[in-house]
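Okay, structure first, notes after.
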There are 2 protein chains.
Amino acid sequence: MEIKDILSRYQDDLRHVEENLDKYYRSYIELIPEVTDYIINSGGKRLRPLLLMITSDLCGFTGERRYTLAAVMEFLHTASLLHDDVIDHAETRRGRTAANNIWGNPASVLVGDFLYSQAFKLMVEDGHPPIQKLLTSAAITMVEGETAQLIRSRDTDITEDEYLRIIEQKTAILISASCALGALLAKVSKKKVNALRTFGLKLGVAFQVTDDTLDYVATKEEFGKAIGMDLKEGKITLPLIRTLHNCSTDERTLIKETLDRNDLDGNHIRDITSLIEKYDGINYALTKAKGFIDEAKSALKPFDDSFPKDALMTISDYILKRRL
Amino acid sequence: MEIKDILSRYQDDLRHVEENLDKYYRSYIELIPEVTDYIINSGGKRLRPLLLMITSDLCGFTGERRYTLAAVMEFLHTASLLHDDVIDHAETRRGRTAANNIWGNPASVLVGDFLYSQAFKLMVEDGHPPIQKLLTSAAITMVEGETAQLIRSRDTDITEDEYLRIIEQKTAILISASCALGALLAKVSKKKVNALRTFGLKLGVAFQVTDDTLDYVATKEEFGKAIGMDLKEGKITLPLIRTLHNCSTDERTLIKETLDRNDLDGNHIRDITSLIEKYDGINYALTKAKGFIDEAKSALKPFDDSFPKDALMTISDYILKRRL
């Protein structure tokens, strides 16, 4: 199975999702749909809605509610992106000027708040307490993960376990909830709900670990272009954590001093990348990601073979391969 | 009846509210309770929880749920303050250094997000759809009002009606919801729910109009100290809107030019204050506020005389008198 086979099967569903997204961020305050339009149609992969469509299919739920809940997941995700870009003083997002850089921080904060509120309003209207509890808890965990990341910014003492916990919270929890939603909608056994929850959590961690390696790996292909953005923002990710763990005291001091600079440039980033290469930090991270993908796939054991199960397997493998 | 009589009757309730507040903003991420502690215990008047206690009393509801919902209202309010201060680059709040000025904008954005999410989680756990719908709609309206205010910043063409609509949304809607909650909890007639909703809306508008006059009136008492903050932030409020409506073309030009300055100082603020005095802008605004208070009190007609009804009347009058 290829990704195109998956997109082909779910193309009608994804079209319904787009229609719902479009419908639910209307506001008579024109700035709100204007900013939302910009970020929500900036080439996001709709990973969370797609996972919700596939897990609904896997568990046998075909109701309209999955389209509304897909909008909820995408709104929670988009709201967090808008706020993250304010927090990180982001200049770009997905290769385009970041929203905060066009409309300013105040607009990004408020439109993020609007999308959070709209997501909660839609889930309240959906009216199913187990789903509401899953999603409000996920939102809190996500914010806690982002706050933990902020606190550990530029902290070279961060351990691999702490890093993994942070990305599980800030990224994986929402992906996990998207997968569990399909099972909750179909009202299948608790065992299957938990299986999909675990699948999504492991997939989400692998997704973020892989994504974090791209911040360094991109150097080889397109040197000079938005490389080392995480480093500039003080985010210490797995390749560097591995390097910090294995390098000499002098090298550790160099890394620390580089992270504390306000004038981080291409040369500094190159210094760090060289050290990461020396200690094989990228391969270490990708091997870890592969391990999480294996765990994700194993979690699907309670499900019989089917197109949607195969689709989840295919997406898992794709997470590792994309852009690498 | 005096305010102290009201505080005396509801002191036990307000103590329960404080306990709930304290309980619900715990997080293992220490920065979250640290920032929340700071802003939530910075001398806020707990107006929304108090109104919820009084309207519950008025309608005969004595259950524990009112304490949780009071925390929900205070969290929504506090979250909006944290984000507002980021948006306005606020230096102070309630006479103390603003949270964003101590912990930085990222912490204020994220702790605000945490409090929004926690408020929605608590209302989901409360489990009553009519209340959930009231509060999620109120949250959206509040954000829309704040966004409208942002858009109309420094816009001297803003009309009195537009200003009133913005403050109804950004401020009054949450106060209105706090009042309606008491009626919804007690499951009284729709007529009484709407009466309290209207009461809260008019009270909230009067509250904000009065608050906006303080930005100018304070000049007389404590000149040079945090005066004209709204002006610096580009917020055009009723005293100035009235002045813009009645002044000469030259005066209008002066006001416009002053608002566009980046180096607004005491002299510029004095120029504007003089014009507002010339056109009696403060008294005009306070007379308007008085009119809204009269409407608020009239809305209480469906209720028989009682201590809580008298308390709502007393608070209404107090809104006009405070600090003036």
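Naming works like this for the structure tokens: A, B, ... for the chains as they're shown, residue 1 at the start of each chain, ligands 1 onward in shown order.
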What residues in chain B lie within 7 Å of chain A, counting only C-alpha atoms, written as a ChimeraX atom specification?
-> /B:29,87,106,110,113-114,117-118,120-121,124,132-133,136-137,139-140,143-144,147-148
So which bits of region 12-118 of chain B end up helix (DSSP H, G or I) when you DSSP the backbone, as a VMD selection string?
-> chain B and resid 12 to 24 31 to 40 47 to 59 65 to 87 99 to 103 105 to 118
Skip Glu162 (chain A) itself and residues of its chain fewer than 3 positions away, then list as a PyMOL selection string all residues within 12 Å of it, counting only C-alpha atoms.
-> chain A and resi 145+148-149+151-152+155-159+165-169+236-238+241
Selection file, C-alpha atoms, as a PDB file, in the first residue's frame:
```pdb
ATOM      1  CA  GLY A 145       4.320  19.965  27.388  1.00  0.00           C
ATOM      2  CA  ALA A 148       7.969  22.251  29.977  1.00  0.00           C
ATOM      3  CA  GLN A 149       9.725  22.810  26.658  1.00  0.00           C
ATOM      4  CA  ILE A 151      11.362  25.943  30.814  1.00  0.00           C
ATOM      5  CA  ARG A 152      13.996  23.510  29.527  1.00  0.00           C
ATOM      6  CA  ASP A 155      19.173  23.665  29.250  1.00  0.00           C
ATOM      7  CA  THR A 156      21.960  21.294  28.225  1.00  0.00           C
ATOM      8  CA  ASP A 157      21.268  19.091  31.252  1.00  0.00           C
ATOM      9  CA  ILE A 158      17.978  17.911  29.756  1.00  0.00           C
ATOM     10  CA  THR A 159      17.920  14.101  29.591  1.00  0.00           C
ATOM     11  CA  ARG A 165       8.196  13.130  27.878  1.00  0.00           C
ATOM     12  CA  ILE A 166       7.965  16.681  26.546  1.00  0.00           C
ATOM     13  CA  ILE A 167       7.368  15.640  22.944  1.00  0.00           C
ATOM     14  CA  GLU A 168       4.870  12.999  24.074  1.00  0.00           C
ATOM     15  CA  GLN A 169       2.933  15.803  25.744  1.00  0.00           C
ATOM     16  CA  ILE A 236      17.581  20.918  22.474  1.00  0.00           C
ATOM     17  CA  THR A 237      16.416  17.821  20.638  1.00  0.00           C
ATOM     18  CA  LEU A 238      17.489  14.181  20.583  1.00  0.00           C
ATOM     19  CA  ILE A 241      21.033  15.377  23.651  1.00  0.00           C
TER      20      ILE A 241
END
```
Region 35-49 of chain B: which residues within 6 Å, counting only C-alpha atoms, same-chain residues fewer than 2 positions away excluded, as a VMD selection string?
-> chain B and resid 32 to 33 51 to 52 70 175 178
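CA of Met53 (chain B) is positioned 16.6 Å from CA of Gly204 (chain B).
Contact shell of region 6-20 of chain B at 9 Å (only C-alpha atoms; same-chain neighbours under 6 positions omitted): Arg46, Pro49, Leu50, Met53, Ile54, Arg66, Tyr67, Thr68, Leu69, Ala70, Ala71, Phe307, Pro308, Ala311, Thr314 and Ile315 of chain B.
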Expected file: the selected residues, N, CA and C atoms, as a compact mmCIF listing (two decimals), in the first residue's frame:
```txt
# COMPACT_ATOMS: atom_id res chain seq x y z
N ARG B 46 -12.85 39.39 42.44
CA ARG B 46 -13.71 38.19 42.36
C ARG B 46 -15.15 38.59 42.05
N PRO B 49 -17.17 35.50 40.44
CA PRO B 49 -17.60 34.51 41.45
C PRO B 49 -18.66 35.08 42.41
N LEU B 50 -18.48 36.33 42.83
CA LEU B 50 -19.44 36.92 43.78
C LEU B 50 -20.83 37.00 43.14
N MET B 53 -22.38 33.65 43.17
CA MET B 53 -22.87 33.27 44.50
C MET B 53 -24.21 33.96 44.79
N ILE B 54 -24.28 35.26 44.45
CA ILE B 54 -25.50 36.02 44.76
C ILE B 54 -26.67 35.53 43.91
N ARG B 66 -21.61 25.29 42.28
CA ARG B 66 -21.40 26.73 42.05
C ARG B 66 -19.96 27.15 42.36
N TYR B 67 -19.29 26.42 43.24
CA TYR B 67 -17.89 26.77 43.55
C TYR B 67 -16.98 26.42 42.37
N THR B 68 -17.23 25.25 41.79
CA THR B 68 -16.42 24.84 40.62
C THR B 68 -16.65 25.82 39.47
N LEU B 69 -17.92 26.16 39.25
CA LEU B 69 -18.21 27.06 38.12
C LEU B 69 -17.68 28.47 38.38
N ALA B 70 -17.61 28.85 39.65
CA ALA B 70 -16.99 30.15 39.97
C ALA B 70 -15.51 30.12 39.56
N ALA B 71 -14.86 28.98 39.80
CA ALA B 71 -13.45 28.83 39.37
C ALA B 71 -13.36 28.92 37.85
N PHE B 307 -32.69 39.48 50.21
CA PHE B 307 -31.32 39.94 50.45
C PHE B 307 -30.50 39.89 49.16
N PRO B 308 -30.47 38.73 48.46
CA PRO B 308 -29.64 38.69 47.25
C PRO B 308 -30.05 39.71 46.19
N ALA B 311 -28.68 42.85 47.23
CA ALA B 311 -27.22 42.81 47.03
C ALA B 311 -26.86 43.18 45.60
N THR B 314 -27.25 46.85 45.19
CA THR B 314 -26.17 47.57 45.87
C THR B 314 -24.88 47.53 45.05
N ILE B 315 -24.57 46.35 44.51
CA ILE B 315 -23.37 46.22 43.67
C ILE B 315 -23.49 47.11 42.44
```
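CA of Cys179 (chain A) is found 19.5 Å from CA of Lys290 (chain A).
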Residues near Glu233 (chain B), cut-off 8 Å, only C-alpha atoms, skip fewer than 3 positions along chain, as a ChimeraX atom specification | /B:88,153,229-230
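With only C-alpha atoms as the basis for measurement, B:Lys235 is the residue among B:Ser56, B:Lys235, B:Lys191, B:Thr92 that approaches Tyr163 (chain B) most closely.
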All residues 8 Å or closer to region 252-267 of chain A, only C-alpha atoms, same chain fewer than 3 positions away omitted, as an MDAnalysis selection string | chainID A and resid 154 156 224 231:232 234 244 247:249 270:272
Resulting file, chosen residues, N, CA and C atoms, as a CSV table (one decimal), in the first residue's frame:
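To be explicit, this is the file written out as part.csv:
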```csv
chain,number,residue,atom,x,y,z
A,154,ARG,N,17.3,25.8,26.2
A,154,ARG,CA,18.8,26.1,26.3
A,154,ARG,C,19.4,25.3,27.5
A,156,THR,N,21.2,22.4,28.8
A,156,THR,CA,22.0,21.3,28.2
A,156,THR,C,21.9,20.1,29.2
A,224,GLY,N,22.1,26.6,4.5
A,224,GLY,CA,21.8,28.1,4.6
A,224,GLY,C,20.4,28.4,4.6
A,231,LEU,N,17.7,25.1,17.1
A,231,LEU,CA,18.9,25.6,17.9
A,231,LEU,C,18.7,27.1,18.2
A,232,LYS,N,18.3,27.8,17.2
A,232,LYS,CA,18.2,29.3,17.5
A,232,LYS,C,17.1,29.6,18.5
A,234,GLY,N,16.6,27.7,20.9
A,234,GLY,CA,17.0,27.1,22.2
A,234,GLY,C,16.4,25.7,22.5
A,244,LEU,N,25.5,15.6,23.5
A,244,LEU,CA,25.9,16.1,24.8
A,244,LEU,C,26.3,15.0,25.8
A,247,CYS,N,29.9,13.4,24.3
A,247,CYS,CA,31.0,14.3,23.9
A,247,CYS,C,32.0,14.6,25.1
A,248,SER,N,33.1,15.2,24.7
A,248,SER,CA,34.1,15.6,25.7
A,248,SER,C,33.6,16.8,26.5
A,249,THR,N,34.3,17.1,27.6
A,249,THR,CA,34.0,18.3,28.4
A,249,THR,C,34.1,19.5,27.6
A,270,ARG,N,27.0,25.1,12.0
A,270,ARG,CA,27.9,24.1,11.4
A,270,ARG,C,28.8,23.4,12.5
A,271,ASP,N,29.3,24.2,13.5
A,271,ASP,CA,30.1,23.6,14.5
A,271,ASP,C,29.2,22.5,15.3
A,272,ILE,N,28.0,22.8,15.6
A,272,ILE,CA,27.2,21.9,16.3
A,272,ILE,C,26.8,20.7,15.4
```
